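Structure file target_33.cif (mmCIF, C-alpha atoms) is printed below.
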```cif
data_run
loop_
_atom_site.group_PDB
_atom_site.id
_atom_site.type_symbol
_atom_site.label_atom_id
_atom_site.label_comp_id
_atom_site.auth_asym_id
_atom_site.auth_seq_id
_atom_site.Cartn_x
_atom_site.Cartn_y
_atom_site.Cartn_z
ATOM 1 C CA MET A 1 0.000 0.000 0.000
ATOM 2 C CA ARG A 2 0.957 3.658 -0.250
ATOM 3 C CA VAL A 3 0.298 4.379 3.453
ATOM 4 C CA TYR A 4 3.503 5.613 5.134
ATOM 5 C CA HIS A 5 2.265 7.500 8.208
ATOM 6 C CA LEU A 6 -0.438 6.972 10.848
ATOM 7 C CA THR A 7 -1.509 9.487 13.472
ATOM 8 C CA TYR A 8 -4.130 9.376 16.189
ATOM 9 C CA SER A 9 -6.053 11.998 18.160
ATOM 10 C CA PRO A 10 -7.356 10.311 21.344
ATOM 11 C CA GLU A 11 -9.693 13.153 22.338
ATOM 12 C CA VAL A 12 -11.800 12.719 19.190
ATOM 13 C CA ARG A 13 -10.958 9.027 18.642
ATOM 14 C CA THR A 14 -9.816 9.718 15.095
ATOM 15 C CA ALA A 15 -6.947 8.099 13.206
ATOM 16 C CA CYS A 16 -5.403 9.552 10.054
ATOM 17 C CA LEU A 17 -3.876 7.383 7.337
ATOM 18 C CA HIS A 18 -1.459 9.329 5.166
ATOM 19 C CA PHE A 19 -0.973 8.138 1.571
ATOM 20 C CA HIS A 20 2.104 8.864 -0.514
ATOM 21 C CA GLY A 21 1.989 10.300 -4.038
ATOM 22 C CA CYS A 22 -0.405 12.548 -5.934
ATOM 23 C CA ASN A 23 -1.645 13.048 -9.482
ATOM 24 C CA PHE A 24 -1.650 16.838 -8.979
ATOM 25 C CA ARG A 25 1.526 18.908 -8.975
ATOM 26 C CA CYS A 26 0.611 21.863 -6.761
ATOM 27 C CA PRO A 27 3.867 23.804 -6.198
ATOM 28 C CA PHE A 28 2.667 25.068 -2.799
ATOM 29 C CA CYS A 29 1.698 21.646 -1.378
ATOM 30 C CA VAL A 30 2.503 21.408 2.325
ATOM 31 C CA ARG A 31 3.873 17.896 1.715
ATOM 32 C CA ARG A 32 6.794 19.407 -0.191
ATOM 33 C CA GLY A 33 8.074 20.896 3.040
ATOM 34 C CA ASN A 34 7.008 18.212 5.516
ATOM 35 C CA PRO A 35 5.651 14.761 4.590
ATOM 36 C CA TYR A 36 4.334 14.160 8.111
ATOM 37 C CA ASP A 37 1.225 15.391 9.931
ATOM 38 C CA VAL A 38 1.476 19.148 10.458
ATOM 39 C CA HIS A 39 -0.300 18.844 13.826
ATOM 40 C CA LEU A 40 2.551 16.872 15.402
ATOM 41 C CA ARG A 41 4.649 18.902 17.823
ATOM 42 C CA HIS A 42 7.681 16.742 17.036
ATOM 43 C CA PRO A 43 7.501 15.367 13.463
ATOM 44 C CA PRO A 44 9.292 12.046 12.831
ATOM 45 C CA ARG A 45 12.696 12.103 11.200
ATOM 46 C CA ALA A 46 12.538 8.544 9.932
ATOM 47 C CA PRO A 47 12.795 7.783 6.187
ATOM 48 C CA LEU A 48 9.510 6.946 4.484
ATOM 49 C CA ARG A 49 8.404 3.305 4.540
ATOM 50 C CA PHE A 50 5.159 1.918 3.166
ATOM 51 C CA LEU A 51 2.940 -0.203 5.401
ATOM 52 C CA GLY A 52 1.075 -3.353 4.461
ATOM 53 C CA GLN A 53 -2.643 -3.654 5.149
ATOM 54 C CA GLY A 54 -2.028 -6.035 8.042
ATOM 55 C CA GLU A 55 0.378 -3.597 9.682
ATOM 56 C CA ILE A 56 -2.139 -0.774 9.369
ATOM 57 C CA LEU A 57 -4.896 -2.809 10.995
ATOM 58 C CA ARG A 58 -2.610 -3.940 13.823
ATOM 59 C CA LEU A 59 -1.560 -0.349 14.545
ATOM 60 C CA LEU A 60 -5.206 0.698 14.789
ATOM 61 C CA GLU A 61 -6.126 -2.122 17.173
ATOM 62 C CA GLY A 62 -6.472 -1.025 20.751
ATOM 63 C CA THR A 63 -6.359 2.702 20.000
ATOM 64 C CA GLY A 64 -10.060 3.223 20.629
ATOM 65 C CA ALA A 65 -10.437 4.778 17.175
ATOM 66 C CA GLU A 66 -14.003 5.203 15.987
ATOM 67 C CA ARG A 67 -13.213 7.187 12.847
ATOM 68 C CA VAL A 68 -10.526 7.069 10.177
ATOM 69 C CA ILE A 69 -9.554 9.880 7.823
ATOM 70 C CA LEU A 70 -7.749 8.967 4.608
ATOM 71 C CA LEU A 71 -5.615 11.759 3.212
ATOM 72 C CA GLY A 72 -2.514 12.348 1.191
ATOM 73 C CA GLY A 73 -1.017 12.861 -1.094
ATOM 74 C CA GLU A 74 -3.952 11.272 -2.880
ATOM 75 C CA PRO A 75 -5.479 8.082 -1.394
ATOM 76 C CA THR A 76 -7.454 7.152 -4.522
ATOM 77 C CA LEU A 77 -4.238 6.345 -6.416
ATOM 78 C CA ASP A 78 -3.634 3.297 -4.213
ATOM 79 C CA PRO A 79 -4.919 0.181 -6.040
ATOM 80 C CA GLU A 80 -5.326 -1.576 -2.672
ATOM 81 C CA LEU A 81 -7.614 1.121 -1.262
ATOM 82 C CA PRO A 82 -10.941 -0.738 -1.872
ATOM 83 C CA ALA A 83 -9.684 -3.780 0.030
ATOM 84 C CA LEU A 84 -8.557 -1.603 2.935
ATOM 85 C CA LEU A 85 -11.938 0.143 3.010
ATOM 86 C CA ARG A 86 -13.693 -3.206 3.357
ATOM 87 C CA GLU A 87 -11.460 -4.192 6.283
ATOM 88 C CA LEU A 88 -11.974 -0.862 8.046
ATOM 89 C CA ARG A 89 -15.733 -1.106 7.642
ATOM 90 C CA GLU A 90 -15.781 -4.650 8.989
ATOM 91 C CA ARG A 91 -14.210 -3.220 12.148
ATOM 92 C CA GLY A 92 -17.027 -0.701 12.507
ATOM 93 C CA LEU A 93 -14.921 2.360 11.713
ATOM 94 C CA LYS A 94 -16.446 5.447 10.107
ATOM 95 C CA ILE A 95 -14.410 6.479 7.073
ATOM 96 C CA ARG A 96 -13.819 9.992 5.765
ATOM 97 C CA LEU A 97 -11.942 10.438 2.491
ATOM 98 C CA LEU A 98 -10.013 13.628 1.772
ATOM 99 C CA THR A 99 -9.344 13.727 -1.980
ATOM 100 C CA ASN A 100 -8.632 16.072 -4.859
ATOM 101 C CA GLY A 101 -11.690 14.534 -6.528
ATOM 102 C CA TYR A 102 -10.012 13.547 -9.783
ATOM 103 C CA GLU A 103 -10.175 9.747 -9.415
ATOM 104 C CA LEU A 104 -13.287 8.394 -7.696
ATOM 105 C CA GLY A 105 -14.093 4.807 -8.617
ATOM 106 C CA GLU A 106 -17.353 3.132 -7.660
ATOM 107 C CA GLU A 107 -15.684 0.841 -5.107
ATOM 108 C CA VAL A 108 -14.296 3.863 -3.303
ATOM 109 C CA LEU A 109 -17.598 5.732 -3.337
ATOM 110 C CA GLU A 110 -19.347 2.665 -1.947
ATOM 111 C CA GLY A 111 -16.704 2.126 0.734
ATOM 112 C CA VAL A 112 -16.628 5.512 2.502
ATOM 113 C CA ASP A 113 -19.066 7.314 4.791
ATOM 114 C CA GLU A 114 -18.218 10.880 3.801
ATOM 115 C CA ILE A 115 -15.995 12.759 1.367
ATOM 116 C CA CYS A 116 -14.156 16.054 1.535
ATOM 117 C CA VAL A 117 -12.996 17.315 -1.861
ATOM 118 C CA SER A 118 -10.079 19.723 -1.939
ATOM 119 C CA LEU A 119 -11.059 22.020 -4.801
ATOM 120 C CA LYS A 120 -7.943 23.911 -5.843
ATOM 121 C CA ALA A 121 -9.663 26.385 -8.189
ATOM 122 C CA TYR A 122 -12.866 26.837 -10.174
ATOM 123 C CA THR A 123 -11.408 28.782 -13.119
ATOM 124 C CA PRO A 124 -10.209 26.072 -15.569
ATOM 125 C CA SER A 125 -7.010 27.865 -16.616
ATOM 126 C CA LEU A 126 -6.044 28.510 -12.996
ATOM 127 C CA HIS A 127 -6.732 24.922 -11.960
ATOM 128 C CA LEU A 128 -4.581 23.702 -14.848
ATOM 129 C CA ARG A 129 -1.811 26.117 -13.899
ATOM 130 C CA VAL A 130 -1.892 25.061 -10.241
ATOM 131 C CA THR A 131 -2.322 21.286 -10.579
ATOM 132 C CA GLY A 132 -1.346 20.350 -14.133
ATOM 133 C CA LYS A 133 -4.840 18.867 -14.603
ATOM 134 C CA ASP A 134 -8.143 20.103 -16.002
ATOM 135 C CA ASN A 135 -10.851 20.454 -13.350
ATOM 136 C CA GLN A 136 -13.836 19.240 -15.390
ATOM 137 C CA ARG A 137 -13.599 15.727 -13.916
ATOM 138 C CA VAL A 138 -13.423 17.163 -10.413
ATOM 139 C CA LEU A 139 -16.557 19.253 -10.925
ATOM 140 C CA GLU A 140 -18.413 16.300 -12.420
ATOM 141 C CA ASN A 141 -17.357 14.098 -9.518
ATOM 142 C CA LEU A 142 -18.774 16.643 -7.082
ATOM 143 C CA ARG A 143 -22.108 16.198 -8.829
ATOM 144 C CA ARG A 144 -21.716 12.396 -8.678
ATOM 145 C CA ILE A 145 -21.138 12.479 -4.928
ATOM 146 C CA LEU A 146 -24.232 14.603 -4.354
ATOM 147 C CA SER A 147 -26.338 12.362 -6.597
ATOM 148 C CA ARG A 148 -25.528 9.454 -4.270
ATOM 149 C CA SER A 149 -26.587 11.431 -1.171
ATOM 150 C CA LEU A 150 -23.089 10.841 0.206
ATOM 151 C CA PRO A 151 -22.144 13.497 2.800
ATOM 152 C CA LEU A 152 -19.914 16.010 1.031
ATOM 153 C CA SER A 153 -17.795 18.921 2.171
ATOM 154 C CA VAL A 154 -15.332 21.021 0.165
ATOM 155 C CA GLU A 155 -12.157 22.797 1.156
ATOM 156 C CA SER A 156 -9.760 25.157 -0.594
ATOM 157 C CA VAL A 157 -6.402 26.703 0.235
ATOM 158 C CA TYR A 158 -5.944 30.478 0.174
ATOM 159 C CA VAL A 159 -2.719 31.005 -1.791
ATOM 160 C CA PRO A 160 -1.497 34.605 -2.053
ATOM 161 C CA GLY A 161 -1.065 35.572 -5.681
ATOM 162 C CA LEU A 162 -2.992 32.552 -6.963
ATOM 163 C CA VAL A 163 -6.150 31.535 -5.107
ATOM 164 C CA GLU A 164 -7.418 34.678 -3.404
ATOM 165 C CA GLY A 165 -10.773 36.254 -2.588
ATOM 166 C CA GLU A 166 -12.085 36.511 -6.142
ATOM 167 C CA GLU A 167 -11.371 32.851 -6.886
ATOM 168 C CA VAL A 168 -12.798 31.757 -3.539
ATOM 169 C CA GLU A 169 -15.986 33.608 -4.477
ATOM 170 C CA ARG A 170 -16.120 31.767 -7.820
ATOM 171 C CA ILE A 171 -15.755 28.432 -6.028
ATOM 172 C CA ALA A 172 -18.502 29.339 -3.565
ATOM 173 C CA SER A 173 -20.817 30.480 -6.342
ATOM 174 C CA PHE A 174 -20.375 27.172 -8.173
ATOM 175 C CA LEU A 175 -20.954 25.120 -5.012
ATOM 176 C CA SER A 176 -24.075 27.139 -4.271
ATOM 177 C CA SER A 177 -25.449 26.184 -7.684
ATOM 178 C CA LEU A 178 -25.188 22.532 -6.555
ATOM 179 C CA ASP A 179 -26.372 23.023 -2.968
ATOM 180 C CA PRO A 180 -25.917 26.155 -0.834
ATOM 181 C CA GLY A 181 -25.787 23.915 2.228
ATOM 182 C CA ILE A 182 -22.479 22.262 1.242
ATOM 183 C CA PRO A 183 -20.000 22.871 4.090
ATOM 184 C CA TYR A 184 -17.040 24.873 2.770
ATOM 185 C CA HIS A 185 -13.733 25.342 4.573
ATOM 186 C CA LEU A 186 -10.915 27.726 3.673
ATOM 187 C CA ASP A 187 -7.378 27.023 4.872
ATOM 188 C CA ALA A 188 -4.522 29.496 4.911
ATOM 189 C CA LEU A 189 -1.499 28.337 2.961
ATOM 190 C CA LEU A 190 1.242 26.805 5.100
ATOM 191 C CA PRO A 191 4.261 27.705 2.947
ATOM 192 C CA PRO A 192 6.408 24.663 2.133
ATOM 193 C CA ASP A 193 9.438 26.824 1.336
ATOM 194 C CA GLY A 194 10.622 30.407 0.963
ATOM 195 C CA ARG A 195 9.026 30.908 -2.451
ATOM 196 C CA TRP A 196 5.613 31.306 -0.842
ATOM 197 C CA ARG A 197 4.217 33.559 1.849
ATOM 198 C CA ALA A 198 1.508 32.810 4.352
ATOM 199 C CA PRO A 199 -1.601 34.995 3.947
ATOM 200 C CA SER A 200 -2.543 37.358 6.722
ATOM 201 C CA PRO A 201 -5.488 36.364 8.930
ATOM 202 C CA GLU A 202 -7.385 39.341 7.505
ATOM 203 C CA GLU A 203 -6.948 38.092 3.924
ATOM 204 C CA VAL A 204 -8.347 34.669 4.784
ATOM 205 C CA GLU A 205 -11.241 36.113 6.784
ATOM 206 C CA ARG A 206 -12.233 38.519 3.993
ATOM 207 C CA ALA A 207 -12.210 35.663 1.468
ATOM 208 C CA ALA A 208 -14.404 33.568 3.778
ATOM 209 C CA GLU A 209 -16.857 36.462 4.003
ATOM 210 C CA ARG A 210 -17.069 36.533 0.218
ATOM 211 C CA ALA A 211 -17.880 32.800 0.240
ATOM 212 C CA ARG A 212 -20.641 33.406 2.806
ATOM 213 C CA LYS A 213 -22.558 35.428 0.221
ATOM 214 C CA TYR A 214 -23.314 32.092 -1.483
ATOM 215 C CA LEU A 215 -22.947 29.323 1.097
ATOM 216 C CA LYS A 216 -24.607 28.773 4.476
ATOM 217 C CA ARG A 217 -21.786 26.887 6.187
ATOM 218 C CA VAL A 218 -18.361 28.494 5.755
ATOM 219 C CA THR A 219 -15.434 28.035 8.122
ATOM 220 C CA PHE A 220 -11.790 29.044 7.892
ATOM 221 C CA LEU A 221 -8.394 28.715 9.554
ATOM 222 C CA THR A 222 -5.823 31.490 9.386
ATOM 223 C CA GLY A 223 -2.873 29.228 10.150
ATOM 224 C CA ARG A 224 -2.230 30.996 13.465
ATOM 225 C CA GLU A 225 -4.518 28.841 15.599
ATOM 226 C CA GLU A 226 -3.243 26.467 18.275
ATOM 227 C CA PRO A 227 -4.152 22.776 17.771
ATOM 228 C CA ARG A 228 -7.525 21.964 19.330
ATOM 229 C CA TYR A 229 -6.461 18.505 20.494
ATOM 230 C CA GLU A 230 -3.394 16.328 20.812
ATOM 231 C CA THR A 231 -2.139 14.323 17.832
ATOM 232 C CA ILE A 232 0.318 11.464 18.298
ATOM 233 C CA SER A 233 2.233 9.430 15.748
ATOM 234 C CA LEU A 234 1.447 5.714 15.562
ATOM 235 C CA PHE A 235 3.939 5.224 12.713
ATOM 236 C CA PRO A 236 6.761 5.937 12.299
#
```

Show me this structure written as structure tokens.
Amino acid sequence: MRVYHLTYSPEVRTACLHFHGCNFRCPFCVRRGNPYDVHLRHPPRAPLRFLGQGEILRLLEGTGAERVILLGGEPTLDPELPALLRELRERGLKIRLLTNGYELGEEVLEGVDEICVSLKAYTPSLHLRVTGKDNQRVLENLRRILSRSLPLSVESVYVPGLVEGEEVERIASFLSSLDPGIPYHLDALLPPDGRWRAPSPEEVERAAERARKYLKRVTFLTGREEPRYETISLFP
């Protein structure tokens, strides 16, 4: 499998499975600066190693986890993902998938309880510039998820000079045309290197206010907040 990192938050009984690799090439991706969970106070320094399905399940045993979040990288690129989903479900775990929305096979849609799509941009040329991929498949997959009555949320990253208030408003307007009740979350960029700057809290808040003109449930993080609960590393 492509899973190389597991974390756990005891307070909310949630485990995170981190998948390696992505079909997008976002130059500002936080994984470029740190492949491990950004919520860890002391990130591991171990080299990356992939875990087998059996190892993953053993690491989860006894944690008290009730919920698992799959994130990346991009989890849907792992050909063994459907089999892992079946095993997690057999253990009674609720499964949330965080994905860029480009590859969503039927087995994956049937195997998860909720999906969060990270929509990088609504403007086609900007999405292509940011990710190297056209966004038409992503937008169609958003419609597919809603047609299945599968709980859906959407998030975007505020990137100074690229994805700012005007683009956030375009995203919100599109989502509103599908369902104004879709939860939408805006994250401040965590710069992976010196080529990028973090937005100010005021920039992120103003962009969120623009999204609220279209959507009923908008939240945001400025990047300055303290973690709400403890996160520990199960592997490495």

- Translate the PyMOL selection byres ((chain A and resi 33-36) around 12), as applied to the file shown, into an explicit residue set as a PyMOL selection string. chain A and resi 3-7+16-21+27-32+37-49+71-73+190-196+231-236

- Return the single residue from A:Glu140, A:Asp187, A:Glu87, A:Glu80 that is closest to Glu103 (chain A), with distances computed using all atoms listed in the file.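 Using all atoms listed in the file, the shortest distance to Glu103 (chain A) belongs to A:Glu140.
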
- Show which residues sit within 12 Å of Leu126 (chain A), as a ChimeraX atom specification. Count all atoms listed in the file, and ignore same-chain residues fewer than 3 positions away. /A:26,119-123,129-135,159,161-164,167,170-171

List the residues matched by the PyMOL selection byres ((chain A and resi 173) around 10) in the displayed structure as a PDB file with C-alpha atoms, in the coordinates of the input, ordered by chain and then by residue number.
```
ATOM      1  CA  TYR A 122     -12.866  26.837 -10.174  1.00  0.00           C
ATOM      2  CA  GLU A 167     -11.371  32.851  -6.886  1.00  0.00           C
ATOM      3  CA  VAL A 168     -12.798  31.757  -3.539  1.00  0.00           C
ATOM      4  CA  GLU A 169     -15.986  33.608  -4.477  1.00  0.00           C
ATOM      5  CA  ARG A 170     -16.120  31.767  -7.820  1.00  0.00           C
ATOM      6  CA  ILE A 171     -15.755  28.432  -6.028  1.00  0.00           C
ATOM      7  CA  ALA A 172     -18.502  29.339  -3.565  1.00  0.00           C
ATOM      8  CA  PHE A 174     -20.375  27.172  -8.173  1.00  0.00           C
ATOM      9  CA  LEU A 175     -20.954  25.120  -5.012  1.00  0.00           C
ATOM     10  CA  SER A 176     -24.075  27.139  -4.271  1.00  0.00           C
ATOM     11  CA  SER A 177     -25.449  26.184  -7.684  1.00  0.00           C
ATOM     12  CA  LEU A 178     -25.188  22.532  -6.555  1.00  0.00           C
ATOM     13  CA  ASP A 179     -26.372  23.023  -2.968  1.00  0.00           C
ATOM     14  CA  PRO A 180     -25.917  26.155  -0.834  1.00  0.00           C
ATOM     15  CA  ARG A 210     -17.069  36.533   0.218  1.00  0.00           C
ATOM     16  CA  ALA A 211     -17.880  32.800   0.240  1.00  0.00           C
ATOM     17  CA  ARG A 212     -20.641  33.406   2.806  1.00  0.00           C
ATOM     18  CA  LYS A 213     -22.558  35.428   0.221  1.00  0.00           C
ATOM     19  CA  TYR A 214     -23.314  32.092  -1.483  1.00  0.00           C
ATOM     20  CA  LEU A 215     -22.947  29.323   1.097  1.00  0.00           C
TER      21      LEU A 215
END
```

Do a neighbour search on Ser9 (chain A) at 6 Å with only C-alpha atoms, toss out local chain neighbours closer than 3 positions, and write the hits as a PDB file with C-alpha atoms, in the frame of the given file.
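Output file out_16.pdb follows:
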```
ATOM      1  CA  VAL A  12     -11.800  12.719  19.190  1.00  0.00           C
ATOM      2  CA  ARG A  13     -10.958   9.027  18.642  1.00  0.00           C
ATOM      3  CA  THR A  14      -9.816   9.718  15.095  1.00  0.00           C
ATOM      4  CA  GLU A 230      -3.394  16.328  20.812  1.00  0.00           C
ATOM      5  CA  THR A 231      -2.139  14.323  17.832  1.00  0.00           C
TER       6      THR A 231
END
```

- Query: Any idea what the distance is between CA of Arg67 (chain A) and CA of Gly92 (chain A)?
  - Reply: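 Taking CA of Arg67 (chain A) as the start and CA of Gly92 (chain A) as the end point, the length is 8.8 Å.
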
- Message: Using only C-alpha atoms - which residues lie no farther than 12 Å from the point (-14.2, 8.6, 6.9) in the file's frame? Write them as a PyMOL selection string.
- Response: chain A and resi 14-17+65-71+85+88-89+92-99+108-116+150-153

- Query: So which one's closest to Glu90 (chain A), A:Leu57, A:Glu155, A:His185, A:Arg217? Using all atoms listed in the file, please.
  - Reply: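 That would be A:Leu57, the residue with the smallest distance to Glu90 (chain A).
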
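In this model, the gap between CA of Ala188 (chain A) and CA of Pro10 (chain A) comes to 25.4 Å.
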